[in-house]
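Heads up, final.txt below (compact mmCIF, C-alpha atoms and all ligand atoms):
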```
# COMPACT_ATOMS: atom_id res chain seq x y z
CA MET Y 1 0.00 0.00 0.00
CA GLU Y 2 1.38 3.35 -1.00
CA PHE Y 3 -0.26 6.67 -0.16
CA THR Y 4 -0.39 8.93 -3.17
CA MET Y 5 -2.10 12.07 -4.43
CA ARG Y 6 -3.33 12.87 -7.87
CA TRP Y 7 -1.26 15.57 -9.53
CA PHE Y 8 -2.20 17.20 -12.82
CA GLY Y 9 1.21 18.48 -13.85
CA THR Y 10 2.95 21.83 -13.89
CA GLY Y 11 0.81 24.38 -15.66
CA TYR Y 12 -2.38 22.40 -15.01
CA ASP Y 13 -2.45 21.98 -11.25
CA SER Y 14 -2.66 24.68 -8.57
CA VAL Y 15 -0.91 22.27 -6.19
CA SER Y 16 2.86 21.89 -6.37
CA LEU Y 17 4.83 18.69 -5.97
CA GLU Y 18 6.60 20.39 -3.08
CA TYR Y 19 3.29 20.75 -1.20
CA ILE Y 20 2.29 17.19 -1.99
CA ARG Y 21 5.56 15.98 -0.57
CA GLN Y 22 4.87 17.87 2.65
CA THR Y 23 1.67 15.89 3.17
CA PRO Y 24 2.44 13.30 5.88
CA GLY Y 25 2.60 9.76 4.60
CA VAL Y 26 2.27 10.63 0.91
CA THR Y 27 5.20 9.26 -1.05
CA GLY Y 28 3.88 9.10 -4.58
CA VAL Y 29 1.71 10.76 -7.17
CA VAL Y 30 -0.52 9.48 -9.90
CA THR Y 31 -0.39 11.74 -12.90
CA THR Y 32 -0.72 11.86 -16.65
CA LEU Y 33 0.48 13.78 -19.64
CA TYR Y 34 -2.11 16.52 -19.86
CA GLY Y 35 -2.26 18.00 -23.27
CA THR Y 36 -2.35 14.55 -24.88
CA GLN Y 37 -5.64 13.42 -26.39
CA PRO Y 38 -7.19 9.95 -26.15
CA GLY Y 39 -5.64 7.93 -28.96
CA ASP Y 40 -2.29 9.76 -29.00
CA VAL Y 41 0.99 7.89 -28.69
CA TRP Y 42 2.82 9.31 -25.69
CA GLU Y 43 6.29 10.63 -26.45
CA LYS Y 44 9.10 8.82 -24.65
CA ASP Y 45 10.82 12.08 -23.77
CA ALA Y 46 7.66 13.56 -22.32
CA ILE Y 47 7.13 10.49 -20.12
CA LEU Y 48 10.72 10.62 -18.89
CA ALA Y 49 10.59 14.38 -18.27
CA MET Y 50 7.39 13.99 -16.22
CA LYS Y 51 8.98 11.18 -14.23
CA ARG Y 52 12.15 13.16 -13.62
CA GLU Y 53 10.19 16.17 -12.41
CA VAL Y 54 8.29 14.03 -9.90
CA GLU Y 55 11.43 12.26 -8.70
CA ASP Y 56 13.38 15.50 -8.40
CA ALA Y 57 10.67 16.62 -5.97
CA GLY Y 58 11.34 13.53 -3.83
CA LEU Y 59 8.24 11.63 -4.92
CA ARG Y 60 7.53 8.58 -7.06
CA VAL Y 61 5.23 8.09 -10.03
CA ALA Y 62 3.04 5.36 -8.53
CA GLY Y 63 0.96 5.11 -11.67
CA ILE Y 64 -0.82 6.92 -14.45
CA GLU Y 65 -4.30 8.36 -14.10
CA SER Y 66 -5.34 8.14 -16.85
CA VAL Y 67 -4.34 6.84 -20.25
CA ASN Y 68 -7.74 7.53 -21.78
CA ILE Y 69 -9.26 5.22 -24.35
CA HIS Y 70 -10.20 6.54 -27.78
CA ASP Y 71 -13.92 6.34 -28.59
CA ALA Y 72 -13.19 4.21 -31.68
CA ILE Y 73 -12.04 1.44 -29.29
CA LYS Y 74 -15.16 1.76 -27.14
CA ILE Y 75 -17.58 1.63 -30.05
CA GLY Y 76 -15.48 -0.90 -31.98
CA SER Y 77 -15.24 1.08 -35.22
CA ALA Y 78 -12.93 0.24 -38.14
CA GLU Y 79 -10.22 2.50 -36.72
CA ARG Y 80 -9.98 0.70 -33.38
CA ASP Y 81 -6.90 -1.37 -34.18
CA LYS Y 82 -4.91 1.70 -35.06
CA TYR Y 83 -5.82 3.28 -31.72
CA ILE Y 84 -5.15 0.06 -29.80
CA ASP Y 85 -1.70 -0.08 -31.47
CA ASN Y 86 -1.12 3.47 -30.24
CA TYR Y 87 -2.27 2.50 -26.74
CA ILE Y 88 0.10 -0.47 -26.76
CA THR Y 89 3.02 1.75 -27.77
CA THR Y 90 2.18 4.10 -24.90
CA LEU Y 91 2.06 1.14 -22.49
CA GLU Y 92 5.43 -0.11 -23.75
CA ARG Y 93 6.95 3.29 -23.19
CA LEU Y 94 5.46 3.52 -19.69
CA GLY Y 95 6.78 0.05 -18.91
CA GLU Y 96 10.22 1.00 -20.17
CA ALA Y 97 10.06 4.03 -17.87
CA ASP Y 98 9.38 1.62 -14.95
CA ILE Y 99 5.75 2.69 -14.48
CA HIS Y 100 3.52 -0.25 -13.64
CA MET Y 101 -0.04 0.91 -12.98
CA VAL Y 102 -2.48 2.54 -15.38
CA CYS Y 103 -5.95 3.78 -14.43
CA TYR Y 104 -8.52 4.23 -17.21
CA ASN Y 105 -12.23 3.93 -17.77
CA PHE Y 106 -14.58 2.44 -20.29
CA MET Y 107 -17.40 4.97 -19.91
CA ALA Y 108 -19.39 6.04 -22.95
CA VAL Y 109 -18.85 9.69 -24.01
CA PHE Y 110 -18.55 11.25 -20.57
CA ASP Y 111 -16.14 10.56 -17.73
CA TRP Y 112 -17.59 11.58 -14.29
CA THR Y 113 -20.80 13.64 -14.29
CA ARG Y 114 -21.94 16.30 -11.79
CA SER Y 115 -24.63 18.98 -11.88
CA ASP Y 116 -22.81 21.43 -9.62
CA LEU Y 117 -19.05 21.80 -9.08
CA ALA Y 118 -19.32 24.21 -6.14
CA LYS Y 119 -22.37 23.49 -4.03
CA LYS Y 120 -22.25 25.44 -0.81
CA ARG Y 121 -22.49 23.46 2.41
CA ALA Y 122 -23.60 24.66 5.83
CA ASP Y 123 -19.93 24.86 6.92
CA GLY Y 124 -19.23 27.35 4.11
CA SER Y 125 -17.11 24.93 2.08
CA THR Y 126 -18.15 23.90 -1.42
CA VAL Y 127 -18.36 20.44 -2.95
CA MET Y 128 -19.25 18.78 -6.22
CA SER Y 129 -22.78 17.43 -6.30
CA TYR Y 130 -25.21 15.56 -8.50
CA ASP Y 131 -28.92 16.20 -8.84
CA HIS Y 132 -30.56 13.73 -11.19
CA ALA Y 133 -33.48 16.03 -12.04
CA VAL Y 134 -31.06 18.77 -13.05
CA ILE Y 135 -28.92 16.40 -15.13
CA SER Y 136 -31.97 14.89 -16.81
CA ALA Y 137 -33.11 18.36 -17.84
CA ILE Y 138 -29.72 19.37 -19.33
CA ASP Y 139 -29.13 18.98 -23.04
CA PRO Y 140 -25.96 16.81 -23.02
CA ASN Y 141 -24.60 19.05 -25.75
CA ASN Y 142 -24.42 21.81 -23.15
CA MET Y 143 -22.87 19.65 -20.42
CA SER Y 144 -19.30 20.61 -21.18
CA GLU Y 145 -20.15 24.31 -21.19
CA THR Y 146 -22.06 23.98 -17.91
CA LEU Y 147 -19.09 22.32 -16.20
CA TYR Y 148 -16.43 24.62 -17.64
CA SER Y 149 -18.37 27.68 -16.46
CA GLN Y 150 -17.70 26.38 -12.90
CA SER Y 151 -14.17 25.02 -13.29
CA ASN Y 152 -12.30 28.04 -11.86
CA GLY Y 153 -10.45 28.20 -15.18
CA PHE Y 154 -8.85 24.77 -14.75
CA ALA Y 155 -8.89 21.90 -17.23
CA LEU Y 156 -11.26 19.16 -16.13
CA ALA Y 157 -9.85 15.65 -16.26
CA GLY Y 158 -11.72 13.45 -18.71
CA TRP Y 159 -13.55 16.44 -20.20
CA GLU Y 160 -11.21 17.23 -23.07
CA PRO Y 161 -12.73 20.27 -24.83
CA GLU Y 162 -11.20 19.14 -28.14
CA ARG Y 163 -13.03 15.81 -27.99
CA LEU Y 164 -16.26 17.20 -26.63
CA ALA Y 165 -16.43 19.87 -29.33
CA GLY Y 166 -17.79 17.10 -31.55
CA LEU Y 167 -20.37 15.94 -29.03
CA LYS Y 168 -23.25 15.53 -31.48
CA GLU Y 169 -21.08 13.21 -33.60
CA LEU Y 170 -19.95 11.37 -30.48
CA PHE Y 171 -23.53 10.67 -29.43
CA ALA Y 172 -24.32 9.54 -32.96
CA MET Y 173 -21.29 7.21 -32.86
CA TYR Y 174 -22.54 5.55 -29.68
CA LYS Y 175 -26.09 5.12 -31.04
CA ASP Y 176 -25.58 1.46 -31.88
CA THR Y 177 -23.40 0.63 -28.89
CA ASP Y 178 -25.41 -0.98 -26.12
CA ALA Y 179 -23.96 -2.36 -22.89
CA GLU Y 180 -23.33 -5.76 -24.41
CA LYS Y 181 -21.44 -4.33 -27.35
CA LEU Y 182 -19.44 -2.02 -25.09
CA ARG Y 183 -18.42 -5.02 -22.98
CA GLU Y 184 -17.53 -7.02 -26.07
CA ASN Y 185 -15.36 -4.16 -27.35
CA PHE Y 186 -13.74 -4.06 -23.95
CA ARG Y 187 -12.92 -7.77 -24.23
CA TYR Y 188 -11.30 -7.17 -27.61
CA PHE Y 189 -9.22 -4.32 -26.20
CA LEU Y 190 -8.06 -6.44 -23.25
CA GLU Y 191 -7.14 -9.36 -25.45
CA ARG Y 192 -4.86 -7.10 -27.44
CA ILE Y 193 -3.21 -5.25 -24.56
CA MET Y 194 -2.68 -8.03 -22.02
CA PRO Y 195 0.50 -9.41 -23.65
CA VAL Y 196 2.23 -6.05 -23.28
CA CYS Y 197 0.98 -5.79 -19.68
CA ASP Y 198 2.53 -9.21 -19.03
CA LYS Y 199 5.79 -8.19 -20.63
CA TYR Y 200 6.16 -4.98 -18.60
CA ASP Y 201 4.19 -6.05 -15.52
CA ILE Y 202 1.63 -3.28 -15.90
CA ASN Y 203 -1.51 -3.45 -13.78
CA MET Y 204 -4.51 -2.04 -15.60
CA ALA Y 205 -6.99 -0.52 -13.14
CA MET Y 206 -10.39 0.03 -14.71
CA HIS Y 207 -12.35 2.81 -13.02
CA PRO Y 208 -16.07 2.20 -12.35
CA ASP Y 209 -18.79 4.39 -13.81
CA ASP Y 210 -19.40 7.64 -11.97
CA PRO Y 211 -22.21 7.89 -10.94
CA ALA Y 212 -23.33 4.29 -10.74
CA TRP Y 213 -26.37 4.62 -13.02
CA PRO Y 214 -27.02 5.57 -16.64
CA VAL Y 215 -26.77 9.23 -17.63
CA PHE Y 216 -28.17 10.68 -20.85
CA GLY Y 217 -29.33 7.21 -21.88
CA LEU Y 218 -25.74 6.03 -22.44
CA PRO Y 219 -24.81 2.42 -21.64
CA ARG Y 220 -23.13 1.65 -18.30
CA ILE Y 221 -21.13 -1.53 -17.66
CA ALA Y 222 -19.31 -0.85 -14.38
CA THR Y 223 -21.82 0.14 -11.73
CA ASP Y 224 -22.21 -2.75 -9.31
CA ARG Y 225 -20.71 -5.98 -8.03
CA GLU Y 226 -22.26 -8.20 -10.66
CA LYS Y 227 -21.23 -5.97 -13.55
CA LEU Y 228 -17.70 -5.57 -12.23
CA GLN Y 229 -17.50 -9.32 -11.82
CA SER Y 230 -18.41 -9.78 -15.46
CA ILE Y 231 -15.83 -7.19 -16.44
CA LEU Y 232 -13.16 -9.08 -14.53
CA ALA Y 233 -14.32 -12.24 -16.27
CA LEU Y 234 -13.48 -10.66 -19.65
CA SER Y 235 -9.88 -11.67 -18.99
CA ASP Y 236 -8.41 -13.94 -16.34
CA ASN Y 237 -5.09 -12.17 -16.60
CA PRO Y 238 -4.29 -10.77 -13.12
CA HIS Y 239 -2.99 -7.59 -14.76
CA HIS Y 240 -6.59 -6.83 -15.67
CA GLY Y 241 -8.08 -5.31 -12.53
CA LEU Y 242 -10.00 -2.46 -11.02
CA THR Y 243 -9.69 0.95 -9.50
CA LEU Y 244 -11.79 0.64 -6.36
CA CYS Y 245 -13.46 4.05 -6.34
CA THR Y 246 -15.58 4.35 -3.21
CA GLY Y 247 -17.08 7.67 -4.28
CA SER Y 248 -18.35 6.26 -7.59
CA LEU Y 249 -19.60 2.91 -6.29
CA GLY Y 250 -20.90 4.57 -3.13
CA THR Y 251 -23.40 6.68 -5.09
CA SER Y 252 -25.59 3.57 -5.06
CA PRO Y 253 -26.78 2.44 -1.60
CA ALA Y 254 -27.01 -1.10 -2.99
CA ASN Y 255 -23.23 -1.35 -3.32
CA ASP Y 256 -21.68 -2.93 -0.23
CA ILE Y 257 -18.14 -1.67 -0.75
CA PRO Y 258 -16.29 -3.72 1.93
CA ALA Y 259 -17.95 -6.88 0.56
CA MET Y 260 -16.89 -5.89 -2.97
CA ILE Y 261 -13.31 -5.37 -1.81
CA HIS Y 262 -13.25 -8.92 -0.48
CA ALA Y 263 -14.94 -10.29 -3.61
CA PHE Y 264 -12.34 -8.62 -5.86
CA LYS Y 265 -9.34 -9.59 -3.71
CA GLY Y 266 -6.14 -9.58 -5.77
CA ARG Y 267 -7.78 -7.71 -8.66
CA ILE Y 268 -7.89 -4.24 -7.08
CA HIS Y 269 -4.84 -2.41 -8.41
CA PHE Y 270 -5.62 1.12 -7.25
CA ALA Y 271 -7.89 2.67 -4.64
CA HIS Y 272 -9.69 6.03 -4.68
CA VAL Y 273 -11.06 6.49 -1.19
CA ARG Y 274 -13.52 9.26 -0.39
CA ASN Y 275 -16.91 9.84 1.14
CA LEU Y 276 -20.22 11.35 0.06
CA ARG Y 277 -23.72 12.09 1.29
CA ARG Y 278 -26.56 10.50 -0.59
CA ALA Y 279 -29.92 12.25 -0.76
CA GLY Y 280 -32.62 10.15 -2.33
CA SER Y 281 -31.77 7.32 -4.68
CA HIS Y 282 -30.05 9.33 -7.43
CA ASP Y 283 -28.79 12.50 -5.78
CA PHE Y 284 -25.68 13.08 -3.75
CA GLU Y 285 -23.08 15.58 -2.71
CA GLU Y 286 -19.45 14.93 -1.92
CA SER Y 287 -18.18 15.38 1.63
CA ALA Y 288 -15.06 15.42 3.78
CA HIS Y 289 -13.38 12.01 4.01
CA LEU Y 290 -14.43 11.26 7.61
CA SER Y 291 -17.07 8.56 8.14
CA SER Y 292 -19.05 10.99 10.28
CA ASP Y 293 -19.31 13.50 7.42
CA GLY Y 294 -20.83 11.16 4.86
CA CYS Y 295 -22.66 7.90 4.44
CA LEU Y 296 -19.74 5.52 3.89
CA ASP Y 297 -17.97 3.68 6.69
CA MET Y 298 -14.37 4.59 5.94
CA TYR Y 299 -13.02 2.37 8.71
CA ALA Y 300 -14.81 -0.65 7.24
CA ILE Y 301 -13.47 0.21 3.77
CA MET Y 302 -9.86 0.59 4.96
CA LYS Y 303 -10.17 -2.56 7.07
CA ALA Y 304 -11.44 -4.53 4.06
CA LEU Y 305 -8.49 -3.25 2.01
CA TYR Y 306 -6.12 -4.31 4.79
CA ASP Y 307 -7.73 -7.71 5.35
CA SER Y 308 -7.80 -8.50 1.64
CA GLY Y 309 -4.07 -7.78 1.36
CA PHE Y 310 -4.39 -4.72 -0.90
CA ASP Y 311 -0.91 -3.47 -1.74
CA GLY Y 312 -1.36 -1.00 -4.59
CA PRO Y 313 -1.41 2.78 -4.60
CA ILE Y 314 -4.23 4.49 -2.72
CA ARG Y 315 -5.23 8.12 -2.85
CA PRO Y 316 -7.62 10.45 -1.13
CA ASP Y 317 -10.13 11.49 -3.73
CA HIS Y 318 -12.19 14.62 -4.28
CA GLY Y 319 -12.16 17.00 -1.37
CA ARG Y 320 -14.24 20.02 -0.42
CA ALA Y 321 -12.97 23.48 -1.35
CA ILE Y 322 -12.00 24.91 2.04
CA TRP Y 323 -9.98 27.70 3.67
CA GLY Y 324 -10.33 29.96 0.63
CA GLU Y 325 -8.39 27.71 -1.71
CA VAL Y 326 -9.07 28.16 -5.41
CA ALA Y 327 -8.30 24.98 -7.32
CA MET Y 328 -9.63 22.53 -9.81
CA PRO Y 329 -13.01 21.41 -8.38
CA GLY Y 330 -12.45 18.42 -6.08
CA TYR Y 331 -8.68 18.67 -6.32
CA GLY Y 332 -7.52 21.38 -3.94
CA LEU Y 333 -4.70 20.53 -1.59
CA TYR Y 334 -6.21 21.26 1.80
CA ASP Y 335 -9.12 18.89 2.08
CA ARG Y 336 -7.31 16.11 0.24
CA ALA Y 337 -4.38 16.47 2.65
CA LEU Y 338 -6.81 16.18 5.58
CA GLY Y 339 -8.26 13.13 3.83
CA ALA Y 340 -4.82 11.57 3.34
CA SER Y 341 -3.92 12.04 7.00
CA TYR Y 342 -7.23 10.61 8.13
CA LEU Y 343 -6.87 7.54 5.90
CA ALA Y 344 -3.25 7.08 7.02
CA GLY Y 345 -4.47 7.26 10.64
CA LEU Y 346 -7.09 4.60 10.04
CA TRP Y 347 -4.45 2.44 8.35
CA GLU Y 348 -2.03 2.76 11.26
CA ALA Y 349 -4.74 1.84 13.77
CA ILE Y 350 -5.87 -1.14 11.71
CA THR Y 351 -2.30 -2.36 11.20
CA LYS Y 352 -1.44 -2.06 14.90
CA ALA Y 353 -4.67 -3.71 16.05
CA ALA Y 354 -3.95 -6.62 13.70
CA ALA Y 355 -0.42 -6.95 15.11
CA VAL Y 356 -1.75 -7.05 18.69
CA LYS Y 357 -4.33 -9.67 17.74
CA ALA Y 358 -1.64 -11.79 16.10
CA ILE Y 359 0.38 -12.03 19.34
C1 LIG G 401 -12.56 11.97 -11.42
C2 LIG G 401 -11.75 10.77 -11.63
C3 LIG G 401 -11.95 10.20 -13.02
C4 LIG G 401 -10.98 9.06 -13.27
C5 LIG G 401 -11.17 8.43 -14.62
C6 LIG G 401 -10.25 7.26 -14.80
O1 LIG G 401 -12.23 12.76 -10.58
O2 LIG G 401 -12.00 9.82 -10.67
O3 LIG G 401 -11.77 11.21 -13.97
O4 LIG G 401 -9.69 9.55 -13.19
O5 LIG G 401 -12.47 8.01 -14.82
O6 LIG G 401 -9.98 7.10 -16.15
```
Could you take the file, read its structure, and then write that structure out as structure tokens?
Ligand code: DNO
Amino acid sequence: MEFTMRWFGTGYDSVSLEYIRQTPGVTGVVTTLYGTQPGDVWEKDAILAMKREVEDAGLRVAGIESVNIHDAIKIGSAERDKYIDNYITTLERLGEADIHMVCYNFMAVFDWTRSDLAKKRADGSTVMSYDHAVISAIDPNNMSETLYSQSNGFALAGWEPERLAGLKELFAMYKDTDAEKLRENFRYFLERIMPVCDKYDINMAMHPDDPAWPVFGLPRIATDREKLQSILALSDNPHHGLTLCTGSLGTSPANDIPAMIHAFKGRIHFAHVRNLRRAGSHDFEESAHLSSDGCLDMYAIMKALYDSGFDGPIRPDHGRAIWGEVAMPGYGLYDRALGASYLAGLWEAITKAAAVKAI
């Protein structure tokens, strides 16, 4: 288990590597090459320069979040092999740079979805939130604009303006892709990339759908235990695994996250641990990491990770905007640092209690 933070790179992130390093217990970052588009081959020099910058700051690149998948791969169009070849070249170059974990998602059109990026709470902080009635009333063509008007001027991960400029075409492309087809295209992708993952020992950590239900009528294949089980069954290769994202899975009260952690033992390659408050069956707002601030039992989640032998990178996830910080929504330093310390505290207590019990 390695405590990490997500870092968006110089020029993209308001948080410096120096500040991340000063966060107790955090020894690594997960990052990406912002400025690249899904489908691009990552330049060797750019990978090495990013790695050097992180290491010069006294940290480690614990993995990539994300190498995004081109839509041609998700819909299985004629161009998919070209883009899978590009993806493989990027994986080879990451492997050669001694980077061994890649987070990605197989969501249709949109990465995470929220209706509000700065909802004010009673404590004066702001959080990202999701109101299903609001989302259902939005024309998806205006989604990108709605989010960018609240982004504090920062790029939003997974919401590449270049890609979303052609949103009408994107929706048209996905018209014939139902959940079954999406899963089948996923199988094809895995079959092609697993040999390179074997060669370079790269763990692929598929991120679940956020939120855990369909949005804008698009297919969803990673929302609950059963669906994730069938995704894992697409390839028995242990390099094919999951990002356990408690905030995404936790949007659905039906998801018993500690039980899922045990069920997916050995196949969880990365953990995003955060909390949220659900309101009704399809509405929620994010919260501070503490169990008492949201509806997830963070102790039970950390204990399940410990008991199942999880040993990959873990990171605090979205935080509130607090203490006047202006940052990318969800990714300020302050509340994530509080989250990291809290999670590290739980981990220490769990580890020590287990040692006492073992005597
Ligand atoms: C949102 C993140 C996602 C995640 C991708 C993985 O804050 O959790 O954007 O990084 O879905 O590819």
Looking at all atoms listed in the file, which of Y:Pro219, Y:Gly280, Y:Pro211, Y:Pro161 is the one that sits closest to ligand LIG 401 (chain G)?
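Going through Y:Pro219, Y:Gly280, Y:Pro211, Y:Pro161 one by one, the smallest distance to ligand LIG 401 (chain G) is for Y:Pro211.
Residues of protein, DNA or RNA having any atom at most 7 Å from ligand LIG 401 (chain G), counting all atoms listed in the file, are Glu65, Ser66, Val67, Asn68, Cys103, Tyr104, Asn105, Asp111, Trp112, Ala157, Gly158, His207 and His318 of chain Y.
Residues in contact range of Y:Gly332, defined as at most 7 Å between only C-alpha atoms, with sequence neighbours fewer than 6 positions away removed, read Gly319, Ala321 and Glu325 of chain Y.
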What residues have an atom no more than 12 Å from (11.3, 11.9, -19.4) in the file's own frame, counting only C-alpha atoms, and can you write them as a ChimeraX atom specification?
/Y:33,42-56,61,93-94,96-99
Please identify all polymer residues within 7 Å of stretch 220-222 of chain Y, counting all atoms listed in the file, omitting same-chain residues fewer than 2 positions from it, and present them as a list in words.
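My reading of the contact set: Met107, Ala179, Arg183, Pro208, Asp209, Trp213, Pro214, Leu218, Asp224, Lys227 and Leu228 of chain Y.
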Go ahead and save the picked residues with C-alpha atoms, as a tab-separated table (two decimals), in the coordinates of the input.
```tsv
chain	number	residue	atom	x	y	z
Y	107	MET	CA	-17.40	4.97	-19.91
Y	179	ALA	CA	-23.96	-2.36	-22.89
Y	183	ARG	CA	-18.42	-5.02	-22.98
Y	208	PRO	CA	-16.07	2.20	-12.35
Y	209	ASP	CA	-18.79	4.39	-13.81
Y	213	TRP	CA	-26.37	4.62	-13.02
Y	214	PRO	CA	-27.02	5.57	-16.64
Y	218	LEU	CA	-25.74	6.03	-22.44
Y	224	ASP	CA	-22.21	-2.75	-9.31
Y	227	LYS	CA	-21.23	-5.97	-13.55
Y	228	LEU	CA	-17.70	-5.57	-12.23
```
Could you check which of Y:Tyr174, Y:Trp347, Y:Phe110, Y:Trp7 is closest to Y:Trp159, using all atoms listed in the file?
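Closest candidate: Y:Phe110.
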Selection: 12 Å around Y:Ile350, all atoms listed in the file, excl. self and same-chain fewer than 2 positions, as a list in words
Met298, Tyr299, Ala300, Ile301, Met302, Lys303, Ala304, Leu305, Tyr306, Asp307, Leu343, Ala344, Gly345, Leu346, Trp347, Glu348, Lys352, Ala353, Ala354, Ala355, Val356 and Lys357 of chain Y
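Each of Y:Trp323, Y:Phe284, Y:Tyr34, Y:Tyr19 was checked against Y:Leu156 using all atoms listed in the file; the smallest atom-to-atom distance is that of Y:Tyr34.
Atom CA of Y:Pro140 to atom CA of Y:Glu162 spans 15.8 Å [interatomic distance, one decimal].
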Find the residues near Y:Ile138: any atom within 12 Å, counting all atoms listed in the file, skip ones fewer than 3 places away on the same chain, and give them as a list in words.
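The residues that qualify are Thr113, Arg114, Ser115, Asp131, His132, Ala133, Val134, Ile135, Asn141, Asn142, Met143, Ser144, Glu145, Thr146, Leu147, Val215 and Phe216 of chain Y.
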Repair of stretch 327-339 of chain Y at the level of N, CA and C atoms, as a PDB file, in the frame of the given file:
```
ATOM      1  N   ALA Y 327      -8.983  26.088  -6.639  1.00  0.00           N
ATOM      2  CA  ALA Y 327      -8.300  24.980  -7.320  1.00  0.00           C
ATOM      3  C   ALA Y 327      -9.264  24.325  -8.291  1.00  0.00           C
ATOM      4  N   MET Y 328      -8.762  23.326  -8.971  1.00  0.00           N
ATOM      5  CA  MET Y 328      -9.630  22.530  -9.810  1.00  0.00           C
ATOM      6  C   MET Y 328     -10.695  21.896  -8.901  1.00  0.00           C
ATOM      7  N   PRO Y 329     -11.988  21.960  -9.279  1.00  0.00           N
ATOM      8  CA  PRO Y 329     -13.010  21.410  -8.380  1.00  0.00           C
ATOM      9  C   PRO Y 329     -12.685  19.976  -7.945  1.00  0.00           C
ATOM     10  N   GLY Y 330     -12.737  19.757  -6.627  1.00  0.00           N
ATOM     11  CA  GLY Y 330     -12.450  18.420  -6.080  1.00  0.00           C
ATOM     12  C   GLY Y 330     -10.980  18.180  -5.799  1.00  0.00           C
ATOM     13  N   TYR Y 331     -10.106  19.004  -6.382  1.00  0.00           N
ATOM     14  CA  TYR Y 331      -8.680  18.670  -6.320  1.00  0.00           C
ATOM     15  C   TYR Y 331      -7.803  19.766  -5.696  1.00  0.00           C
ATOM     16  N   GLY Y 332      -8.365  20.477  -4.712  1.00  0.00           N
ATOM     17  CA  GLY Y 332      -7.520  21.380  -3.940  1.00  0.00           C
ATOM     18  C   GLY Y 332      -6.601  20.564  -3.044  1.00  0.00           C
ATOM     19  N   LEU Y 333      -5.640  21.244  -2.466  1.00  0.00           N
ATOM     20  CA  LEU Y 333      -4.700  20.530  -1.590  1.00  0.00           C
ATOM     21  C   LEU Y 333      -5.287  20.267  -0.198  1.00  0.00           C
ATOM     22  N   TYR Y 334      -5.934  21.307   0.362  1.00  0.00           N
ATOM     23  CA  TYR Y 334      -6.210  21.260   1.800  1.00  0.00           C
ATOM     24  C   TYR Y 334      -7.072  20.079   2.230  1.00  0.00           C
ATOM     25  N   ASP Y 335      -8.224  19.940   1.594  1.00  0.00           N
ATOM     26  CA  ASP Y 335      -9.120  18.890   2.080  1.00  0.00           C
ATOM     27  C   ASP Y 335      -8.610  17.501   1.695  1.00  0.00           C
ATOM     28  N   ARG Y 336      -7.878  17.427   0.584  1.00  0.00           N
ATOM     29  CA  ARG Y 336      -7.310  16.110   0.240  1.00  0.00           C
ATOM     30  C   ARG Y 336      -6.194  15.742   1.217  1.00  0.00           C
ATOM     31  N   ALA Y 337      -5.444  16.761   1.677  1.00  0.00           N
ATOM     32  CA  ALA Y 337      -4.380  16.470   2.650  1.00  0.00           C
ATOM     33  C   ALA Y 337      -4.996  16.014   3.977  1.00  0.00           C
ATOM     34  N   LEU Y 338      -6.113  16.652   4.367  1.00  0.00           N
ATOM     35  CA  LEU Y 338      -6.810  16.180   5.580  1.00  0.00           C
ATOM     36  C   LEU Y 338      -7.273  14.743   5.364  1.00  0.00           C
ATOM     37  N   GLY Y 339      -7.774  14.478   4.156  1.00  0.00           N
ATOM     38  CA  GLY Y 339      -8.260  13.130   3.830  1.00  0.00           C
ATOM     39  C   GLY Y 339      -7.117  12.118   3.898  1.00  0.00           C
TER      40      GLY Y 339
END
```
